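Below is one structure, written out as structure tokens, with a few remarks after it.
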Amino acid sequence: MIQATALSKTYRVAEKQPGLQGTLRHLLRRRYRDVAAVQGVSFNIEPGEIVGFLGPNRAVKTTPLKMLSGLIHPTGGELSVAGHRPERRQSAFLEQITLVMGNKQQLIWDLPPLDSIRVNAAVYGIDDQEAKRRIDELAEMLELGEELHRPVRKLSLGQRMKAELLASLLHRPKVLFLDEPTLGLDVTAQARVREFLAAYNRRYGATILLTSHYMGDITALCERVLLIHQGELFHDGELEALTNRLAPQRQVRLELQQAYPREAFEGYGVVESHQEHQVLLLVERKQLTETVAALLNRFPVVDLEVNDPPIEELMRGLFRAAAAPEQA
Amino acid sequence: MNRRARPGIARLQVARQLITTQYAYMLEYRAEIALWALSGVLPLIMLGVWQGSGAAQRAGLTQAQLSHYFVAAFLVRQFTVVWLIHVFEEDTLSGKLSPYLLQPLQPLWRYFAAHLAEQATRVPFVLLMLLGLALLNPSLLWLPSATQLLLGAAAIWSAFILRFLLQTLASMLCFWSERAAALDRLLLIPYLFLSGLVAPLETFPEPVRRLALATPFPAMVDFPARLLCGEPVDVAKGFAVIALWCLVLALPCRWLWCRGIRRYGAMGA
């Protein structure tokens, strides 16, 4: 459904020093810097897949979506979405895709969502009867009712996002690009949007590409993630594989009947924290089973817990490590 | 797959839906539109200035011809207002253009429909202003024949399309400059002076009149106003000039759109 080969996007950014001197220099001899948001990224996405895009900041995550939807032109490489080159923005292509942006809306602010939705129906050539059927169906899936008749400005953020989704999916696109679809929503609304997207994917076999800074969206929806790091594709695969790659160790938390000195645990792994009855160890994944067995054998364990470090923390560590030399 | 209406019907449905939705939107801002309509009284002010000066009589225009011309120019001005560049600039800079670009409809049609809806919203206010003029001084108004009215309406609408295309051309520069709307202020000067909005073209010195006629501006006010108030005009030539200028402007618009859209950064989106 989607093929990207050696995809690159470089932005040219003007640089200006502060102060009067900097202003005059900027006016007379402007200096630019090329910033590579994406460089040489290749991937294939099969029909029906739900894939998450991860990156250090919003610009990096959003750039591939903008290129895939045809909004911006790649600097290099080849792209094919549903058999079309997105940058040509042919009608046959646009009829198969949609891009939902959490921070931008297509609904007309002062009118009820239904007015904007009817315009969309006409633009996509859907006749009135069919449009009504689809609106009813999607409204039921999204639990939207009389909200469709209220001016958009009077709707809550969650209701507005659901109405945005309805407007964006009326033409039943085969490919959904979702840029922060749950941005600013409360926990209940986030869960509802996730459930809806999963249901839409199941019902219509749509391919979904998603960016979100809520890892909950990614873990709940995406079987596969693409992580772009320093402009390049760092990881393409399951989220669990990414966790394994970023954290080759697992956390083993022990609660003991009696206190032991720190040294007693050093042979089992890295002692991350040590309090009287509680110990947190980092243990190599390969040695996890035998280490846990040995710990249980030697110490009077009241409780034992094995965890992966949170993915947000792991990614923060990765991006921070990359940013450190730049800042130095 | 989408259940499609036949292409011709589908286009009509899009036009109908765009215009009715935009009309509903404009009605939300009816007070603002009433103020815009009020602000378009420049031709009526110019009528007052010219009536007192006697210069029109020296140019061979009677008092009635002069007043009818400026009232017609007032009507033309009311229905040829174009503000495209200001919204297009904002939409390009803020990324609001992005959702329009993702749909299989040239985004400029949305702006065109918004202008038509604004004209429809303006109608009652313009009628009220005409009523006010009739009450103040009935001799300012005249009853045009059905032909005059039809041809005049067609000329006003053609003039609107021409103005829309001229501003579309300027709007395309929004892809290259963040302050392209400043160009509209520059275009306002030749529009005011060469279109016939502040003075009938007959009152211009001959070289200035010839210069004005070589530009698209007289087609935007002078031609439709004269047609509406029953002045002798070459109707076929007037419409042919508008059609020619539309073609001249449409080609670079298309060229600039194709190039500009590649530069669009979808910022803020």
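Ligands are numbered from 1 in the order shown, chains are lettered A, B, ... in the order of the structure tokens, and residues start at 1 in each chain.
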Which polymer residues have any atom within 9 Å of an atom of Ala24 in chain B, counting only C-alpha atoms, with same-chain residues fewer than 3 positions away left out, as number ranges by chain?
A: 111, 115; B: 19-21, 27-28, 117
Go ahead and save the residues from that selection, with C-alpha atoms, as an mmCIF file, in the first residue's frame.
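Here's the written file selection-v7.cif:
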data_model
loop_
_atom_site.group_PDB
_atom_site.id
_atom_site.type_symbol
_atom_site.label_atom_id
_atom_site.label_comp_id
_atom_site.auth_asym_id
_atom_site.auth_seq_id
_atom_site.Cartn_x
_atom_site.Cartn_y
_atom_site.Cartn_z
ATOM 1 C CA LEU A 111 -21.390 26.307 11.711
ATOM 2 C CA ASP A 115 -22.538 21.729 7.124
ATOM 3 C CA ILE B 19 -22.295 28.372 -1.872
ATOM 4 C CA THR B 20 -25.099 27.460 0.544
ATOM 5 C CA THR B 21 -22.631 26.560 3.296
ATOM 6 C CA LEU B 27 -24.908 35.229 7.631
ATOM 7 C CA GLU B 28 -23.130 34.633 10.934
ATOM 8 C CA ALA B 117 -21.968 33.981 -0.764
#
Any chance you could tabulate, as a tab-separated table, the residues of chain B at most 12 Å from chain A with each one's nearest atom pair and distance in Å to one decimal, using only C-alpha atoms, in chain and rising number order?
residue	atom	partner	partner_atom	distance
B:Met1	CA	A:Arg172	CA	7.6
B:Asn2	CA	A:Ile126	CA	6.0
B:Arg3	CA	A:Ile126	CA	5.4
B:Arg4	CA	A:Gly125	CA	5.0
B:Ala5	CA	A:Gly125	CA	5.9
B:Arg6	CA	A:Gly125	CA	8.4
B:Pro7	CA	A:Gly125	CA	8.3
B:Gly8	CA	A:Gly125	CA	10.6
B:Ile9	CA	A:Gly125	CA	9.2
B:Ala10	CA	A:Gly125	CA	5.7
B:Arg11	CA	A:Ala122	CA	8.2
B:Leu12	CA	A:Ala122	CA	9.0
B:Gln13	CA	A:Ala122	CA	5.8
B:Val14	CA	A:Ala122	CA	4.9
B:Ala15	CA	A:Ala122	CA	8.5
B:Arg16	CA	A:Ala122	CA	8.9
B:Gln17	CA	A:Val119	CA	5.6
B:Leu18	CA	A:Val119	CA	6.1
B:Ile19	CA	A:Val119	CA	9.5
B:Thr20	CA	A:Asp115	CA	9.1
B:Thr21	CA	A:Asp115	CA	6.2
B:Gln22	CA	A:Asp115	CA	9.3
B:Tyr23	CA	A:Leu111	CA	10.8
B:Ala24	CA	A:Leu111	CA	7.6
B:Tyr25	CA	A:Leu111	CA	6.6
B:Met26	CA	A:Asp110	CA	9.7
B:Leu27	CA	A:Asp110	CA	10.2
B:Glu28	CA	A:Asp110	CA	7.3
B:Tyr29	CA	A:Asp110	CA	9.6
B:Asp91	CA	A:Lys104	CA	11.5
B:Ser94	CA	A:Lys104	CA	9.5
B:Gly95	CA	A:Lys104	CA	8.2
B:Lys96	CA	A:Lys104	CA	7.3
B:Leu97	CA	A:Gln106	CA	9.4
B:Ser98	CA	A:Leu71	CA	6.8
B:Pro99	CA	A:Gln106	CA	5.9
B:Tyr100	CA	A:Gln106	CA	8.0
B:Leu101	CA	A:Leu71	CA	7.1
B:Leu102	CA	A:Leu94	CA	6.1
B:Gln103	CA	A:Leu94	CA	5.9
B:Pro104	CA	A:Ser91	CA	4.9
B:Leu105	CA	A:Val123	CA	6.6
B:Gln106	CA	A:Ser91	CA	10.0
B:Pro107	CA	A:Val123	CA	11.0
B:Trp109	CA	A:Val123	CA	11.0
B:Arg110	CA	A:Val119	CA	10.2
B:Ala113	CA	A:Val119	CA	11.8
B:Cys258	CA	A:Arg88	CA	10.1
B:Arg259	CA	A:His73	CA	11.4
B:Gly260	CA	A:Ile72	CA	11.1
B:Ile261	CA	A:Ile72	CA	8.2
B:Arg262	CA	A:His73	CA	6.2
B:Arg263	CA	A:Ile72	CA	7.7
B:Tyr264	CA	A:Ile72	CA	6.6
B:Gly265	CA	A:Ile72	CA	6.1
B:Ala266	CA	A:Leu71	CA	6.6
B:Met267	CA	A:Ala59	CA	9.6
B:Gly268	CA	A:Lys104	CA	8.1
B:Ala269	CA	A:Lys104	CA	6.2
Which residues are near Gln159 in chain A? Cut-off 12 Å, only C-alpha atoms, ignore same chain within fewer than 5 positions. Put them as JSON, numbers by chain.
{"A": [107, 112, 113, 139, 142, 143, 144, 145, 146, 147, 148, 149, 150, 151, 152, 153, 154, 164, 165, 166, 182, 184, 185, 186, 188, 189, 190, 192, 193]}
Could the residues in this selection be written to a file with C-alpha atoms, as a compact mmCIF listing (two decimals), in the first residue's frame?
# COMPACT_ATOMS: atom_id res chain seq x y z
CA LEU A 107 -14.69 22.04 10.18
CA PRO A 112 -22.53 22.87 12.86
CA PRO A 113 -20.24 20.01 11.72
CA ALA A 139 -21.93 8.90 13.99
CA LEU A 142 -18.22 7.68 17.19
CA GLU A 143 -21.19 8.12 19.53
CA LEU A 144 -22.10 11.45 17.97
CA GLY A 145 -25.68 12.65 17.94
CA GLU A 146 -27.07 16.15 18.38
CA GLU A 147 -23.47 17.48 18.52
CA LEU A 148 -23.53 17.36 14.72
CA HIS A 149 -26.19 20.10 14.78
CA ARG A 150 -24.39 22.44 17.19
CA PRO A 151 -21.87 25.06 16.04
CA VAL A 152 -18.33 23.69 16.16
CA ARG A 153 -17.27 26.47 18.55
CA LYS A 154 -19.76 25.14 21.13
CA GLU A 164 -13.33 15.90 12.51
CA LEU A 165 -12.87 12.16 12.17
CA LEU A 166 -16.38 11.79 10.77
CA THR A 182 -5.84 12.58 20.57
CA GLY A 184 -5.47 17.59 24.29
CA LEU A 185 -8.25 15.04 24.83
CA ASP A 186 -9.11 13.71 28.28
CA THR A 188 -11.98 8.88 28.25
CA ALA A 189 -12.07 10.71 24.91
CA GLN A 190 -8.60 9.35 24.05
CA ARG A 192 -12.94 6.37 22.60
CA VAL A 193 -10.93 7.67 19.64
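For range 244-261 of chain A, the non-local neighbours within 6 Å, defined as residues at least 6 positions apart in the same chain or in other chains and counting only C-alpha atoms, are Glu276, His277, Gln278, Val279, Leu280, Leu281, Leu282, Val283, Glu284, Arg285, Pro300, Val301, Val302, Asp303, Leu304, Glu305, Val306, Asn307 and Asp308 of chain A.
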Got time to write the residues from that selection, all heavy atoms, as a short mmCIF file (atom, residue, chain, number, x, y, z; two decimals), in the first residue's frame?
data_model
loop_
_atom_site.label_atom_id
_atom_site.label_comp_id
_atom_site.auth_asym_id
_atom_site.auth_seq_id
_atom_site.Cartn_x
_atom_site.Cartn_y
_atom_site.Cartn_z
N GLU A 276 16.51 -0.57 52.66
CA GLU A 276 16.62 -1.67 53.63
C GLU A 276 16.03 -2.99 53.12
O GLU A 276 16.71 -3.98 53.01
CB GLU A 276 15.95 -1.26 54.94
CG GLU A 276 16.91 -0.50 55.83
CD GLU A 276 16.36 -0.32 57.21
OE1 GLU A 276 15.38 -1.01 57.56
OE2 GLU A 276 16.91 0.52 57.94
N HIS A 277 14.77 -2.97 52.79
CA HIS A 277 14.11 -4.22 52.38
C HIS A 277 13.81 -4.27 50.88
O HIS A 277 13.25 -5.23 50.40
CB HIS A 277 12.79 -4.41 53.15
CG HIS A 277 12.99 -4.63 54.60
ND1 HIS A 277 13.17 -5.87 55.15
CD2 HIS A 277 13.09 -3.75 55.63
CE1 HIS A 277 13.36 -5.75 56.46
NE2 HIS A 277 13.31 -4.47 56.77
N GLN A 278 14.16 -3.22 50.19
CA GLN A 278 13.81 -3.16 48.75
C GLN A 278 15.06 -2.95 47.90
O GLN A 278 15.90 -2.10 48.21
CB GLN A 278 12.83 -2.02 48.52
CG GLN A 278 11.48 -2.32 49.14
CD GLN A 278 10.37 -1.47 48.58
OE1 GLN A 278 10.64 -0.45 47.99
NE2 GLN A 278 9.15 -1.91 48.77
N VAL A 279 15.10 -3.73 46.82
CA VAL A 279 16.26 -3.65 45.92
C VAL A 279 15.77 -3.61 44.49
O VAL A 279 14.81 -4.31 44.13
CB VAL A 279 17.18 -4.88 46.09
CG1 VAL A 279 18.43 -4.75 45.21
CG2 VAL A 279 17.59 -5.07 47.53
N LEU A 280 16.39 -2.75 43.67
CA LEU A 280 16.05 -2.70 42.24
C LEU A 280 17.30 -3.05 41.45
O LEU A 280 18.32 -2.36 41.53
CB LEU A 280 15.55 -1.30 41.86
CG LEU A 280 15.07 -1.15 40.43
CD1 LEU A 280 13.84 -2.01 40.15
CD2 LEU A 280 14.75 0.31 40.12
N LEU A 281 17.19 -4.13 40.68
CA LEU A 281 18.34 -4.61 39.91
C LEU A 281 18.07 -4.50 38.42
O LEU A 281 16.93 -4.68 37.97
CB LEU A 281 18.57 -6.09 40.21
CG LEU A 281 19.08 -6.49 41.59
CD1 LEU A 281 18.96 -7.99 41.76
CD2 LEU A 281 20.53 -6.07 41.76
N LEU A 282 19.12 -4.26 37.63
CA LEU A 282 19.01 -4.35 36.17
C LEU A 282 19.71 -5.63 35.75
O LEU A 282 20.91 -5.80 36.00
CB LEU A 282 19.66 -3.14 35.51
CG LEU A 282 18.93 -1.80 35.66
CD1 LEU A 282 19.72 -0.69 35.00
CD2 LEU A 282 17.54 -1.86 35.05
N VAL A 283 18.94 -6.51 35.10
CA VAL A 283 19.47 -7.84 34.78
C VAL A 283 19.44 -8.04 33.26
O VAL A 283 18.44 -7.68 32.61
CB VAL A 283 18.64 -8.94 35.48
CG1 VAL A 283 19.15 -10.32 35.14
CG2 VAL A 283 18.65 -8.73 36.99
N GLU A 284 20.49 -8.59 32.72
CA GLU A 284 20.55 -8.89 31.28
C GLU A 284 19.39 -9.82 30.91
O GLU A 284 19.12 -10.79 31.64
CB GLU A 284 21.87 -9.58 30.93
CG GLU A 284 23.10 -8.69 31.01
CD GLU A 284 23.10 -7.57 29.99
OE1 GLU A 284 22.64 -7.81 28.86
OE2 GLU A 284 23.55 -6.45 30.33
N ARG A 285 18.71 -9.51 29.79
CA ARG A 285 17.54 -10.31 29.40
C ARG A 285 17.88 -11.80 29.28
O ARG A 285 17.10 -12.66 29.68
CB ARG A 285 17.01 -9.81 28.04
CG ARG A 285 16.18 -8.58 28.17
CD ARG A 285 15.80 -8.02 26.83
NE ARG A 285 15.26 -6.69 27.02
CZ ARG A 285 13.97 -6.42 27.25
NH1 ARG A 285 13.10 -7.40 27.29
NH2 ARG A 285 13.58 -5.20 27.45
N PRO A 300 15.19 -14.43 51.21
CA PRO A 300 13.77 -14.61 51.60
C PRO A 300 12.91 -13.53 50.95
O PRO A 300 12.70 -12.45 51.49
CB PRO A 300 13.81 -14.44 53.13
CG PRO A 300 15.02 -13.60 53.40
CD PRO A 300 15.99 -13.82 52.29
N VAL A 301 12.43 -13.84 49.75
CA VAL A 301 11.72 -12.83 48.93
C VAL A 301 10.23 -12.80 49.29
O VAL A 301 9.57 -13.84 49.27
CB VAL A 301 11.89 -13.15 47.43
CG1 VAL A 301 11.09 -12.18 46.57
CG2 VAL A 301 13.37 -13.12 47.06
N VAL A 302 9.73 -11.60 49.62
CA VAL A 302 8.29 -11.44 49.90
C VAL A 302 7.54 -11.17 48.59
O VAL A 302 6.48 -11.71 48.34
CB VAL A 302 8.08 -10.24 50.87
CG1 VAL A 302 6.59 -10.02 51.13
CG2 VAL A 302 8.83 -10.47 52.16
N ASP A 303 8.15 -10.34 47.75
CA ASP A 303 7.52 -9.98 46.46
C ASP A 303 8.60 -9.76 45.41
O ASP A 303 9.69 -9.25 45.73
CB ASP A 303 6.68 -8.71 46.65
CG ASP A 303 5.74 -8.49 45.48
OD1 ASP A 303 5.52 -9.46 44.71
OD2 ASP A 303 5.26 -7.37 45.31
N LEU A 304 8.28 -10.15 44.16
CA LEU A 304 9.24 -9.97 43.07
C LEU A 304 8.50 -9.48 41.83
O LEU A 304 7.44 -9.98 41.49
CB LEU A 304 9.94 -11.30 42.78
CG LEU A 304 11.08 -11.28 41.75
CD1 LEU A 304 12.19 -12.22 42.14
CD2 LEU A 304 10.57 -11.64 40.36
N GLU A 305 9.07 -8.51 41.19
CA GLU A 305 8.40 -7.91 40.02
C GLU A 305 9.43 -7.74 38.91
O GLU A 305 10.55 -7.27 39.17
CB GLU A 305 7.89 -6.53 40.44
CG GLU A 305 6.61 -6.11 39.78
CD GLU A 305 6.17 -4.75 40.31
OE1 GLU A 305 5.66 -4.68 41.44
OE2 GLU A 305 6.41 -3.77 39.59
N VAL A 306 9.08 -8.15 37.69
CA VAL A 306 10.00 -7.97 36.55
C VAL A 306 9.34 -7.01 35.56
O VAL A 306 8.20 -7.25 35.14
CB VAL A 306 10.33 -9.31 35.86
CG1 VAL A 306 11.28 -9.10 34.69
CG2 VAL A 306 10.93 -10.29 36.85
N ASN A 307 10.02 -5.94 35.23
CA ASN A 307 9.44 -4.91 34.34
C ASN A 307 10.41 -4.51 33.24
O ASN A 307 11.62 -4.59 33.42
CB ASN A 307 9.12 -3.63 35.13
CG ASN A 307 7.94 -3.82 36.04
OD1 ASN A 307 6.94 -4.40 35.65
ND2 ASN A 307 8.09 -3.37 37.27
N ASP A 308 9.78 -4.01 32.13
CA ASP A 308 10.59 -3.28 31.14
C ASP A 308 10.61 -1.83 31.58
O ASP A 308 9.58 -1.33 32.06
CB ASP A 308 9.92 -3.36 29.76
CG ASP A 308 10.34 -4.61 29.03
OD1 ASP A 308 11.51 -5.00 29.14
OD2 ASP A 308 9.47 -5.20 28.34
#
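Between CA of Lys286 in chain A and CA of Leu233 in chain A there is a distance of 26.4 Å.
Rounded to one decimal, CA of Leu176 in chain A and CA of Glu223 in chain A lie 15.6 Å from each other.
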Contacts of Ala180 in chain B at 12 Å (only C-alpha atoms; same-chain gap of 3+ positions) as number ranges by chain:
B: 84-90, 92-93, 167-177, 183-187
To test your reading of the structure, identify every residue in range 34-172 of chain B that backbone DSSP assigns to alpha helix (DSSP H), and report it as a PyMOL selection string.
chain B and resi 34-39+42-53+55-58+63-78+84-94+97-101+108-136+146-171
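Straight-line separation from CA of Ile45 in chain A to CA of Arg85 in chain A: 15.1 Å.
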Residues near Ile45 in chain B, cut-off 12 Å, only C-alpha atoms, skip fewer than 6 positions along chain, as a tab-separated table (two decimals) with N, CA and C atoms, in the first residue's frame:
chain	number	residue	atom	x	y	z
B	38	LEU	N	-21.48	49.51	3.79
B	38	LEU	CA	-21.49	50.96	4.07
B	38	LEU	C	-20.17	51.61	3.67
B	39	SER	N	-19.09	50.85	3.84
B	39	SER	CA	-17.78	51.43	3.54
B	39	SER	C	-17.53	51.57	2.03
B	51	GLN	N	-20.31	66.89	-8.66
B	51	GLN	CA	-21.49	67.74	-8.89
B	51	GLN	C	-21.16	69.20	-8.61
B	52	GLY	N	-20.36	69.41	-7.59
B	52	GLY	CA	-20.03	70.79	-7.21
B	52	GLY	C	-19.00	71.44	-8.10
B	67	SER	N	-24.82	61.59	-12.19
B	67	SER	CA	-25.33	60.93	-10.98
B	67	SER	C	-25.65	59.46	-11.26
B	70	PHE	N	-22.37	57.45	-11.26
B	70	PHE	CA	-21.77	57.16	-9.95
B	70	PHE	C	-22.62	56.20	-9.12
B	71	VAL	N	-23.94	56.27	-9.27
B	71	VAL	CA	-24.78	55.29	-8.56
B	71	VAL	C	-24.53	53.89	-9.13
B	73	ALA	N	-21.73	52.95	-10.58
B	73	ALA	CA	-20.38	52.59	-10.11
B	73	ALA	C	-20.43	52.08	-8.67
B	74	PHE	N	-21.32	52.71	-7.87
B	74	PHE	CA	-21.51	52.26	-6.48
B	74	PHE	C	-21.99	50.81	-6.46
B	197	LEU	N	-13.69	54.66	-10.99
B	197	LEU	CA	-14.37	54.70	-9.70
B	197	LEU	C	-14.40	56.12	-9.13
B	198	VAL	N	-13.33	56.89	-9.34
B	198	VAL	CA	-13.32	58.25	-8.78
B	198	VAL	C	-13.69	59.30	-9.83
B	199	ALA	N	-13.65	58.93	-11.10
B	199	ALA	CA	-14.03	59.87	-12.16
B	199	ALA	C	-14.40	59.10	-13.41
Find the residues of range 218-259 of chain B that sit at most 6 Å from range 144-153 of chain B; for each, write down the nearest two atoms and how far apart they are in Å, to one decimal. Count only C-alpha atoms. Sort by chain, then by number going up, and give it as a Markdown table.
| residue | atom | partner | partner_atom | distance |
| --- | --- | --- | --- | --- |
| B:Pro224 | CA | B:Gly152 | CA | 5.6 |
| B:Leu227 | CA | B:Gly152 | CA | 5.5 |
| B:Leu228 | CA | B:Gly152 | CA | 4.5 |
What's the 12 Å shell around range 22-39 of chain A, counting only C-alpha atoms, without same-chain residues fewer than 4 positions away, as a PyMOL selection string?
chain A and resi 4-18+55-67+74-77+227-234
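Residue nearest Glu137 in chain A, chosen from A:Met161, A:Ala198, A:Leu169, A:Met315 and counting only C-alpha atoms: A:Leu169.
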Which of range 34-233 of chain A counts as strand (DSSP E or B) under DSSP, as JSON, numbers by chain please?
{"A": [34, 35, 36, 37, 38, 39, 40, 41, 42, 43, 44, 45, 50, 51, 52, 53, 54, 76, 77, 78, 79, 80, 81, 84, 97, 98, 99, 100, 101, 126, 175, 176, 177, 178, 179, 207, 208, 209, 210, 211, 224, 225, 226, 227, 228, 229, 232, 233]}
